[in-house]
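Student: First the structure, which I've put down as structure tokens, then a few questions once you've had a look.
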Protein chains: 2
Amino acid sequence: MPKISNKGKNMPESPIRKLAPFAEIAKKKGHKVYHLNIGQPDIKTPEIAINAIKNINLTILEYSHSAGNESYRRKLSEFYKHQNVAVDYDDIIITTGGSEALLFALGTIMDQGDEIIIPEPFYANYSAFSTASGGSVVPVISTIDTGFALPSISEFEKLITPKTKAILICNPGNPTGYLYSKEEIMQLAALVKKYDIFLIADEVYREFIYDGDSHYSVMNIAGLEEHVIMVDSVSKRYSMCGARIGCLVSKNKEVMATAMKFAQARLSPPTVEQIACEAAIDTPQSYFDEVISEYRERRDTLISELNKIEGVIVTKPKAAFYCIAQLPVDNADIFAQWLLESYDLNGETVMVAPAAGFYSTPGMGLNQVRIAYVLKKEDLISAVRVLKEAIPIYNSNRLKKLIAAQ
Amino acid sequence: MPKISNKGKNMPESPIRKLAPFAEIAKKKGHKVYHLNIGQPDIKTPEIAINAIKNINLTILEYSHSAGNESYRRKLSEFYKHQNVAVDYDDIIITTGGSEALLFALGTIMDQGDEIIIPEPFYANYSAFSTASGGSVVPVISTIDTGFALPSISEFEKLITPKTKAILICNPGNPTGYLYSKEEIMQLAALVKKYDIFLIADEVYREFIYDGDSHYSVMNIAGLEEHVIMVDSVSKRYSMCGARIGCLVSKNKEVMATAMKFAQARLSPPTVEQIACEAAIDTPQSYFDEVISEYRERRDTLISELNKIEGVIVTKPKAAFYCIAQLPVDNADIFAQWLLESYDLNGETVMVAPAAGFYSTPGMGLNQVRIAYVLKKEDLISAVRVLKEAIPIYNSNRLKKLIAAQ
């Protein structure tokens, strides 16, 4: 049989996927599964976007420009300007999701054996995209006791080698919910300038900030225009994950010209969805006010409920719609599987994402889980009640097994 | 300034793109430009697909399954069975265009320095996708005098090394319009089996066959299930280039499991467009009958008109909607630019794709162009008339310049 590439072998599996069959088992038993594991919001897509799809006026579904429709890019640059992010339309390449923007960014800067430094825990697919580009991720550990604040710059500096091509941050953070301050961003800026490497920021959660803080975009760092690459997406902003529309943004002309070669090779992003996204830019502020208010309440509910469980450590996230919670269990992977396979509270159970999948350092995050608060408040309350009841039973079963094994 | 990757530098530019500014110049002069250079059909998308978009019944545009909607994959496998291609739904991963299917296929099998053998001239982006995967293309020359038939197997065999991971064919062929016979496919089958490498077939033009020939899919080769990867797309079939929906098909479970890791990393293909594609499978046969009949007439018109130009060499293509024509000019690249920049016939000119961009062997195809017959017959006649009048003027100008330079 012909051989698979090493790159293909090294591509990480989705950390959640291995639990999917167990969720199926739970559902086949008739159990209700609260999905705290996924980043698919239950928030409605703005009507203005759905209507743009319904009113589509095309007889031929043609390719768009490889960089995306110019009308959309122009409107998007206005959108950024309203957010005080100075971006021109030709600083933007429309991509097929934020995913493709990351692939283009890493393809543009990484060769075989190259490295990017990322604070961990991090979005698991960063590792996949680095592998696909022939490179690898070098993690800097951020910790739950600081709420996953930026590790000290000296920790980054220790890891920089001639192979280091970039520092990649997710701001606001998935899976941490942390929002980097302007001061933290400026520390990174000085570092990438010193070593003449890139700073890539995944800012797809920029709208989801809850306590009056403000988001400081890497695009606003004066004098760092050649070093900065921003990744964005409509997936979360308009609850349009399925549109697969994102963008790559940079003022570095060489980066953009190179990324355009990747963009031309794949011809164009999807046509219908771009039209919907262009329409979505006119979504009224009231939509966001409602959504942010809803998420803030969900966050407050979730954190307050989690804090009622003895032994749980969790920091209130400032942004995005995730948190990392440390549970009083030995192994969150085994616990998550057990919840689906062997446990229910009055016919209900919970699916969580074991956090080890968001770390690349082996052994990190073993008793942590990522929780996405993309469910209604009453469902979050029920889901945390399941966790609360389940943890002592799980621990008691584990203890019995350990004793039996002695 | 931080550095671009070598991979990024090596990514080929679109062979047509450099002409685009000259087409703009011609248009700004008020000249009508006949676009013989692009593969964007003017054929209408089936109404059933457009209506599925207009009647979309979603309030949240959610991610689909990473392998694509199961309902679509099931219907697609039925579609293939009707075409006598035995494919189960779980042999299919829905991709964002045929482009992504190629990227997944090459990522799954190629490491840094690996090679794939492709008969040239070939679709220029094969080279881009190989570069993006860290590998490179090794060309086997096919020639205009055989109508770009499969080169002899010994020519392939000479090029096989331990780095060779696959032979890639496009069948029917872009840019050649050649349709490989079952006998040619079986020769390739024996070769890939002998050397235990993959056979990748891009079959996106499978519907466009004009003279009662039949298409022999690589999926039908008995005993080669582990070696074969098929790439397909709806772009040409339903004139839905902008939908960006394709698929990767293989019976090799390891290939599929590996490609799924690439698929999961990018989350999902576009949701709305998948729904449109699922609906498009019910497109009535009459649609295809009309389309094929229209393309056959266009082909016949184009070839008959081209043959009226003294010194032109062209073979009647059997399939797809392209042909390679050899023109009596010294350099098709310079000629193509001159047509846009300096020539018009009663305010009309023509944009062609210089064929050198479809060869990876330097110096090949210098006096050849690719012509896409995606325009109405009367436009094709007018466009070829422009070429016919332009060639002697171009040659006479070149001669004058050469004499002046002496």
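Letters A, B, ... mark the chains of the structure tokens in the order given; residue numbers begin at 1 per chain; ligand numbers begin at 1, in order shown.
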Select residues of chain B: the criterion is any atom within 6 Å of an atom of chain A, counting only C-alpha atoms; output as a VMD selection string.
Tutor: chain B and resid 2 4 to 5 8 13 44 to 45 54 59 to 63 99 108 to 111 125 196 to 197 240 to 244 258 261 265 to 266 270 to 271
Student: Find the spatial neighbours of Ile141 (chain B), counting only C-alpha atoms, within a cut-off of 12 Å - ignore same-chain residues fewer than 3 positions away - and output them as a list in words.
Tutor: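 My list of contacting residues is Ile117, Ile118, Pro119, Glu120, Pro121, Phe122, Val138, Ile144, Asp145, Thr146, Gly147, Phe148, Ala149, Leu150, Pro151, Ser152, Ile153, Glu155, Phe156, Leu159, Phe358, Tyr359, Ser360, Thr361, Pro362, Gly363, Met364 and Gly365 of chain B.
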Student: Quick one: distance from CA of Tyr216 (chain B) to CA of Val87 (chain B) in Å, one decimal?
Tutor: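 That distance, rounded to one decimal, is 14.1 Å.
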Student: When DSSP is applied to the backbone of this structure, which of region 237-337 of chain A are assigned alpha helix (DSSP H)? Write them out as an NGL selection string.
Tutor: :A and (253-265 or 271-280 or 285-306 or 332-337)
Student: When you look at region 289-298 of chain B with a cut-off of 9 Å (counting only C-alpha atoms), what residues show up, excluding the ones that are within fewer than 2 positions of it in the same chain? I need them as a PyMOL selection string.
Tutor: chain B and resi 43+207-211+285-287+300-303+319-321+373-377+380
Student: Could you work out how far CA of Asp91 (chain B) lies from CA of Leu191 (chain B), giving the answer in Å with one decimal?
Tutor: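 Separation between CA of Leu191 (chain B) and CA of Asp91 (chain B): 23.6 Å.
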Student: Write out as a PyMOL selection string which residues come within 7 Å of Leu179 (chain B) when counting only C-alpha atoms, dropping same-chain ones fewer than 6 positions away.
Tutor: chain B and resi 171-173+318-319
